[in-house]
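Heads up, the thing below is written out as structure tokens.
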Amino acid sequence: NAGVTQTPKFQVLKTGQSMTLQCAQDMNHNSMYWYRQDPGMGLRLIYYSASEGTTDKGEVPNGYNVSRLNKREFSLRLESAAPSQTSVYFCASSGRIYSGNTIYFGEGSWLTVV
Amino acid sequence: DQQVKQNSPSLSVQEGRISILNCDYTNSMFDYFLWYKKYPAEGPTFLISISSIKDKNEDGRFTVFLNKSAKHLSLHIVPSQPGDSAVYFCAASGPRGRGGADGLTFGKGTHLIIQP
């Protein structure tokens, strides 16, 4: 049972480069999320998609774009990477926002921008 | 403006004793609370949750208590085991059906260390 799968696991980028983090879930969930985790900051929501075809900004959306490609896939794009975007990124999904269902996380993507 | 606060960055407990992790929140519209556990180099995993209509939820060694008037919840682990050593995140979500849904709001986490 794969759950939430995200790629790549590790990536080093130079400042100004672009890249896309891929995420897929096989739980038939409607809602998907991208979080970042920084030391001493907990998990902060970047973008979310309540359902296929919709996306909305979270707490820290600047410097990112997202695409909900279909029900299974939700990608996060850094158009021009900055050192401040060095972080661990987690994709997550849930049955419905605010349904009381839990959010399930992927294993994380470690991104370093030099 | 931190809506979910975990004021203890770390906690050390002896194996076999009770671990109590605390969490405070400021948004009275939160109606569902969760605890996640995270090991290094892994994603957070769901541990236990509680709805705002309850004041206690128990699952094996884990019990979550909710005090709505104090806007406080706590996670009790009894007895504590070495495998419980991890970072624990408290999280909260808002009312159902509210427009502009924004997923979960997380605290900064508490690193629990179980001493042998």
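Simple scheme: letters A, B, ... for chains in structure tokens order, numbers from 1 for residues in each chain, numbers from 1 for ligands in the order shown.
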Given a cut-off of 12 Å, which residues of chain A touch chain B, counting only C-alpha atoms, written out as an NGL selection string?
:A and (3-6 or 9-10 or 31-51 or 54-60 or 88-110)
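Close contacts of Leu11 (chain B), defined as residues with an atom at most 7 Å away when counting only C-alpha atoms, with chain neighbours fewer than 4 positions off set aside, comprise Thr110, His111, Leu112 and Ile113 of chain B.
Those residues that approach Ser75 (chain A) to within 6 Å, counting only C-alpha atoms, are A:Leu21, A:Gln22, A:Cys23, A:Val66, A:Ser67; same-chain residues fewer than 6 positions away are not listed.
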Need to verify the contact set: region 69-74 of chain A, 6 Å, only C-alpha atoms, exclusion of same-chain residues closer than 4 positions in sequence. Can you return it as a short mmCIF file (atom, residue, chain, number, x, y, z; two decimals) with C-alpha atoms, in the first residue's frame?
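Written file, out-v3.cif:
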```cif
data_model
loop_
_atom_site.label_atom_id
_atom_site.label_comp_id
_atom_site.auth_asym_id
_atom_site.auth_seq_id
_atom_site.Cartn_x
_atom_site.Cartn_y
_atom_site.Cartn_z
CA CYS A 23 3.34 13.83 -5.55
CA ALA A 24 0.82 11.06 -6.09
CA GLN A 25 -1.65 9.34 -3.78
CA GLU A 52 -9.50 18.13 -8.50
#
```
Backbone DSSP call of strand (DSSP E) for chain B, listed as JSON, numbers by chain
{"B": [4, 5, 10, 11, 12, 13, 14, 19, 20, 21, 22, 23, 24, 25, 32, 33, 34, 35, 36, 37, 38, 45, 46, 47, 48, 49, 50, 51, 56, 57, 58, 59, 62, 63, 64, 65, 66, 67, 72, 73, 74, 75, 76, 77, 86, 87, 88, 89, 90, 91, 92, 93, 105, 106, 110, 111, 112, 113, 114, 115]}
Write out as a VMD selection string the residues lying within 6 Å of region 71-74 of chain B, counting only C-alpha atoms and excluding same-chain residues fewer than 6 positions away.
chain B and resid 21 to 25 64 to 65
